[in-house]
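Have a look at run-v7.txt; it's compact mmCIF, C-alpha atoms and all ligand atoms:
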# COMPACT_ATOMS: atom_id res chain seq x y z
CA MET A 1 14.16 21.69 -41.31
CA THR A 2 13.15 18.56 -39.42
CA GLU A 3 9.85 16.72 -39.60
CA PRO A 4 7.94 15.18 -36.68
CA ALA A 5 7.96 11.41 -36.26
CA ARG A 6 5.16 9.59 -38.11
CA TYR A 7 3.53 6.46 -36.63
CA LEU A 8 3.48 3.51 -39.03
CA ARG A 9 2.37 0.34 -37.18
CA THR A 10 2.64 -1.77 -34.02
CA VAL A 11 4.23 -5.20 -34.38
CA VAL A 12 5.72 -7.99 -32.27
CA LEU A 13 9.25 -8.63 -33.50
CA PRO A 14 12.17 -10.92 -32.67
CA LEU A 15 14.84 -8.87 -30.92
CA ASP A 16 17.41 -9.78 -33.58
CA GLN A 17 15.45 -7.64 -36.02
CA LEU A 18 16.06 -4.59 -33.81
CA ARG A 19 19.20 -2.69 -32.98
CA HIS A 20 19.99 -0.35 -30.11
CA PHE A 21 20.18 3.37 -30.73
CA PRO A 22 23.86 3.99 -31.42
CA GLY A 23 25.33 6.15 -28.66
CA ASN A 24 22.35 6.00 -26.29
CA ALA A 25 23.69 7.99 -23.32
CA LYS A 26 21.36 6.74 -20.60
CA ARG A 27 22.58 3.97 -18.28
CA GLY A 28 19.44 2.47 -16.78
CA ASP A 29 18.88 -0.14 -14.08
CA VAL A 30 18.38 -3.15 -16.35
CA PRO A 31 17.80 -5.77 -13.61
CA ALA A 32 15.07 -3.56 -12.06
CA ILE A 33 13.39 -3.24 -15.47
CA LEU A 34 13.59 -7.02 -15.90
CA ASP A 35 11.91 -7.44 -12.48
CA SER A 36 9.13 -5.16 -13.66
CA LEU A 37 8.74 -6.99 -16.98
CA ARG A 38 8.50 -10.35 -15.20
CA ARG A 39 5.86 -9.01 -12.86
CA ASN A 40 3.92 -6.56 -15.04
CA GLY A 41 4.64 -7.69 -18.59
CA GLN A 42 5.73 -5.36 -21.40
CA TYR A 43 3.10 -2.69 -20.76
CA ARG A 44 4.81 -0.13 -23.01
CA SER A 45 5.97 -0.69 -26.58
CA LEU A 46 9.49 0.01 -27.73
CA ILE A 47 9.64 2.87 -30.21
CA ALA A 48 11.75 2.02 -33.25
CA ARG A 49 12.61 3.91 -36.39
CA GLN A 50 12.32 2.43 -39.84
CA VAL A 51 14.91 3.47 -42.41
CA ASP A 52 14.73 1.79 -45.81
CA GLU A 53 16.18 -1.74 -45.61
CA GLU A 54 18.16 -1.20 -42.38
CA PRO A 55 17.19 -3.00 -39.17
CA LEU A 56 14.77 -1.01 -37.02
CA THR A 57 16.60 1.25 -34.56
CA VAL A 58 15.14 1.54 -31.06
CA LEU A 59 14.77 5.24 -30.21
CA ALA A 60 12.96 4.75 -26.88
CA GLY A 61 12.93 1.63 -24.72
CA ASN A 62 16.58 0.63 -25.16
CA HIS A 63 16.75 -0.53 -21.52
CA THR A 64 13.55 -2.54 -21.88
CA MET A 65 15.22 -4.21 -24.86
CA MET A 66 18.36 -4.87 -22.76
CA ALA A 67 16.21 -6.37 -20.00
CA LEU A 68 14.55 -8.68 -22.55
CA GLU A 69 18.00 -9.66 -23.84
CA LEU A 70 19.04 -10.35 -20.24
CA HIS A 71 15.96 -12.58 -19.88
CA GLY A 72 16.85 -14.46 -23.05
CA PRO A 73 14.70 -16.91 -25.03
CA GLY A 74 12.72 -19.80 -23.52
CA ASP A 75 11.72 -20.44 -19.93
CA CYS A 76 13.66 -18.26 -17.48
CA GLY A 77 12.76 -20.73 -14.73
CA GLN A 78 11.71 -17.87 -12.46
CA PRO A 79 8.04 -17.70 -11.56
CA VAL A 80 6.91 -14.45 -9.96
CA LYS A 81 6.35 -14.44 -6.20
CA THR A 82 3.40 -12.31 -5.16
CA SER A 83 1.66 -11.88 -1.83
CA ARG A 84 -0.98 -14.32 -3.14
CA GLY A 85 1.46 -17.01 -4.25
CA GLU A 86 3.38 -17.76 -7.40
CA ARG A 87 2.39 -17.14 -10.98
CA PRO A 88 4.24 -17.51 -14.29
CA CYS A 89 6.80 -14.97 -15.49
CA ALA A 90 4.88 -12.33 -17.49
CA ILE A 91 7.51 -12.34 -20.23
CA CYS A 92 7.93 -16.02 -21.09
CA GLY A 93 5.02 -17.59 -19.22
CA ASN A 94 7.70 -20.08 -18.12
CA ASP A 95 7.21 -21.65 -21.54
CA GLN A 96 10.27 -23.31 -23.07
CA ALA A 97 8.97 -22.37 -26.55
CA TRP A 98 8.88 -18.62 -25.89
CA GLU A 99 10.83 -16.69 -28.51
CA LEU A 100 12.74 -13.55 -27.69
CA THR A 101 10.35 -10.88 -28.96
CA ALA A 102 9.17 -7.38 -28.09
CA ARG A 103 6.14 -5.28 -29.00
CA VAL A 104 7.31 -2.36 -31.08
CA GLU A 105 5.72 0.81 -32.39
CA VAL A 106 7.40 1.60 -35.66
CA VAL A 107 7.85 5.24 -36.69
CA GLU A 108 9.41 7.07 -39.55
CA CYS A 109 11.49 10.20 -39.00
CA ASP A 110 14.68 11.99 -40.01
CA ASP A 111 18.05 11.73 -38.20
CA ASP A 112 17.54 14.93 -36.25
CA THR A 113 14.13 13.92 -34.87
CA ALA A 114 15.46 10.43 -34.09
CA ARG A 115 18.16 11.95 -31.85
CA ARG A 116 15.67 14.34 -30.24
CA VAL A 117 13.25 11.51 -29.43
CA ASN A 118 16.08 9.45 -27.92
CA LEU A 119 17.32 12.40 -25.84
CA VAL A 120 13.95 13.61 -24.57
CA ASP A 121 12.68 10.13 -23.76
CA ASN A 122 15.68 9.63 -21.45
CA LYS A 123 15.56 13.15 -20.04
CA SER A 124 11.86 13.67 -19.43
CA ALA A 125 11.69 10.75 -16.97
CA GLU A 126 14.36 12.27 -14.72
CA LYS A 127 13.12 15.87 -14.98
CA GLY A 128 9.86 15.13 -13.20
CA THR A 129 9.32 15.39 -9.46
CA TYR A 130 7.01 13.51 -7.09
CA ASP A 131 4.01 14.36 -5.01
CA ARG A 132 5.25 12.43 -1.95
CA ASP A 133 1.79 12.05 -0.41
CA ALA A 134 0.37 10.64 -3.65
CA LEU A 135 3.38 8.33 -3.97
CA ALA A 136 3.02 7.09 -0.38
CA GLU A 137 -0.68 6.43 -0.97
CA LEU A 138 -0.03 4.47 -4.18
CA LEU A 139 2.62 2.38 -2.45
CA SER A 140 0.28 1.74 0.49
CA TYR A 141 -1.95 -0.28 -1.89
CA MET A 142 0.92 -2.71 -2.53
CA ASP A 143 0.36 -4.64 0.72
CA ASP A 144 4.10 -5.03 1.37
CA ASP A 145 4.50 -6.77 -2.00
CA LEU A 146 6.72 -4.30 -3.87
CA GLY A 147 7.69 -6.65 -6.72
CA GLY A 148 7.75 -4.89 -10.08
CA THR A 149 7.26 -1.41 -8.60
CA GLY A 150 10.92 -0.41 -8.66
CA TYR A 151 10.62 0.46 -4.93
CA SER A 152 12.32 -1.37 -2.06
CA ASP A 153 11.22 -1.67 1.57
CA ALA A 154 13.95 0.86 2.43
CA ASP A 155 12.52 3.35 -0.11
CA VAL A 156 9.09 3.04 1.50
CA GLN A 157 10.52 3.51 5.00
CA LEU A 158 12.28 6.68 3.86
CA LEU A 159 9.03 7.93 2.40
CA ILE A 160 6.98 7.22 5.53
CA ALA A 161 9.63 8.52 7.95
CA PRO A 162 12.02 10.70 5.96
CA PRO A 163 15.15 11.99 7.73
CA PRO A 164 14.61 15.53 9.09
CA SER A 165 15.55 18.44 6.85
CA LEU A 166 18.20 20.97 7.96
CA GLU A 167 15.39 23.44 8.73
CA GLU A 168 13.64 20.90 10.96
CA LEU A 169 16.92 20.12 12.74
CA ALA A 170 17.46 23.84 13.34
CA ASP A 171 13.91 24.15 14.76
CA THR A 172 14.56 21.29 17.17
CA TYR A 173 18.12 22.01 18.22
CA GLY A 174 18.48 25.72 17.46
CA ASP A 175 20.93 27.21 15.02
CA PRO A 176 24.46 25.84 15.32
CA GLU A 177 26.91 27.93 17.39
CA ALA A 178 30.40 28.58 16.04
CA ASP A 179 31.98 26.41 18.77
CA ASP A 180 29.72 23.45 17.86
CA PHE A 181 32.36 22.71 15.25
CA TRP A 182 35.39 23.00 17.56
CA PRO A 183 37.39 19.86 18.27
CA VAL A 184 36.58 17.86 21.41
CA ILE A 185 39.22 16.20 23.61
CA ARG A 186 38.13 13.27 25.77
CA ILE A 187 40.65 11.98 28.31
CA ARG A 188 40.46 9.23 30.91
CA LEU A 189 42.24 9.99 34.21
CA SER A 190 42.96 8.08 37.41
CA PRO A 191 41.10 9.49 40.47
CA GLU A 192 44.44 10.88 41.75
CA GLU A 193 45.16 12.66 38.47
CA ARG A 194 41.60 14.05 38.44
CA ASP A 195 42.06 15.38 42.00
CA GLU A 196 45.40 16.89 41.06
CA PHE A 197 43.80 18.52 38.01
CA LEU A 198 41.04 20.01 40.19
CA GLY A 199 43.60 21.10 42.81
CA LEU A 200 45.96 22.78 40.35
CA THR A 201 43.03 24.60 38.73
CA ALA A 202 41.19 25.59 41.93
CA ASP A 203 41.85 29.27 41.13
CA ALA A 204 40.50 29.05 37.56
CA PRO A 205 37.91 31.76 36.83
CA GLY A 206 35.24 29.16 36.03
CA LYS A 207 34.43 25.69 37.32
CA GLU A 208 33.88 23.97 33.95
CA ASP A 209 36.57 21.60 32.66
CA THR A 210 37.11 23.96 29.75
CA ASP A 211 37.77 26.91 32.14
CA ARG A 212 40.15 24.75 34.19
CA PHE A 213 41.99 23.48 31.11
CA ARG A 214 42.48 27.04 29.79
CA TYR A 215 43.79 28.08 33.22
CA LEU A 216 46.18 25.10 33.18
CA LEU A 217 47.41 26.13 29.71
CA GLY A 218 48.07 29.60 31.14
CA LEU A 219 50.08 28.07 34.00
CA ALA A 220 52.09 25.99 31.55
CA ARG A 221 52.84 29.11 29.49
CA GLY A 222 53.79 30.93 32.71
CA SER A 223 51.12 33.58 32.16
CA ALA A 224 48.54 32.61 34.81
ZN ZN B 301 10.60 -15.47 -17.87
Translate the structure of the given file into structure tokens.
Amino acid sequence: MTEPARYLRTVVLPLDQLRHFPGNAKRGDVPAILDSLRRNGQYRSLIARQVDEEPLTVLAGNHTMMALELHGPGDCGQPVKTSRGERPCAICGNDQAWELTARVEVVECDDDTARRVNLVDNKSAEKGTYDRDALAELLSYMDDDLGGTGYSDADVQLLIAPPPSLEELADTYGDPEADDFWPVIRIRLSPEERDEFLGLTADAPGKEDTDRFRYLLGLARGSA
């Protein structure tokens, strides 16, 4: 019998009072999360579990914590470039006195629920799908300044002009024929060799190079 997680409080804590969830299976894009934190700030709290006197264990937000560790204490020396100029890093404010902290929602739960929360928090993000039109519209408000969105210019291009699907290719070019997949031989000949080829294959049943080549193969086998 497992109990649901119970919310206790929200606090700002030094990272050394937190520990990562042991065995977290997700491998996230930490530099991309750090980009987002610098641009957008820590808009979502870490979720950490309190167990007696042990350090708080981060159930959800382990990659946000890694990104903060990557940032490190003090001034990162990297102001944020926006389409309207530079502004301070949203994590440290480019302040040398900034201490390595994170906002944390502290919960209480049993081992089983702790594992479930860790698993579902990683899984639910990847299980979703996108409304591409809604996504394209949201990105269109970014005015070519994609910092802190997690999207690159290439992502946006793909969204605006996605490569054609197999169905669309079939509509345009027709269904593939079996011989579309046959090997192709390209050969370069002197004009004399070309004339000889045409002369030797003048009696071929067709006038295409393929017909002539098959006829020539027949001659070589002694069957034409
Ligand atoms: Zn910074």
Let me have all residues with an atom within 9 Å of ligand ZN 301 (chain B), counting all atoms listed in the file, laid out as a VMD selection string.
chain A and resid 37 to 38 71 to 80 88 to 95 98
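The two atoms in question, CA of Val58 (chain A) and CA of Ser124 (chain A), are spaced 17.1 Å apart.
Across the model, the gap from CA of Met66 (chain A) to CA of Asp144 (chain A) is 28.0 Å.
If you count all atoms listed in the file and ignore residues fewer than 5 places along the chain from region 200-217 of chain A, what sits within 12 Å of it is A:Val184, A:Ile185, A:Arg186, A:Ile187, A:Glu193, A:Arg194, A:Asp195, A:Gly222, A:Ser223, A:Ala224.
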With all atoms listed in the file as the basis for distance, which of A:Ala154, A:Phe197, A:Ala102, A:Leu68 is at the shortest distance from Ser36 (chain A)?
A:Leu68
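Of the listed residues (A:Asp112, A:Asp121, A:Asp35, A:Glu126), A:Asp35 comes nearest to Lys81 (chain A); the distances count all atoms listed in the file.
Of note, CA of Leu139 (chain A) and CA of Asn40 (chain A) are spaced 15.5 Å apart.
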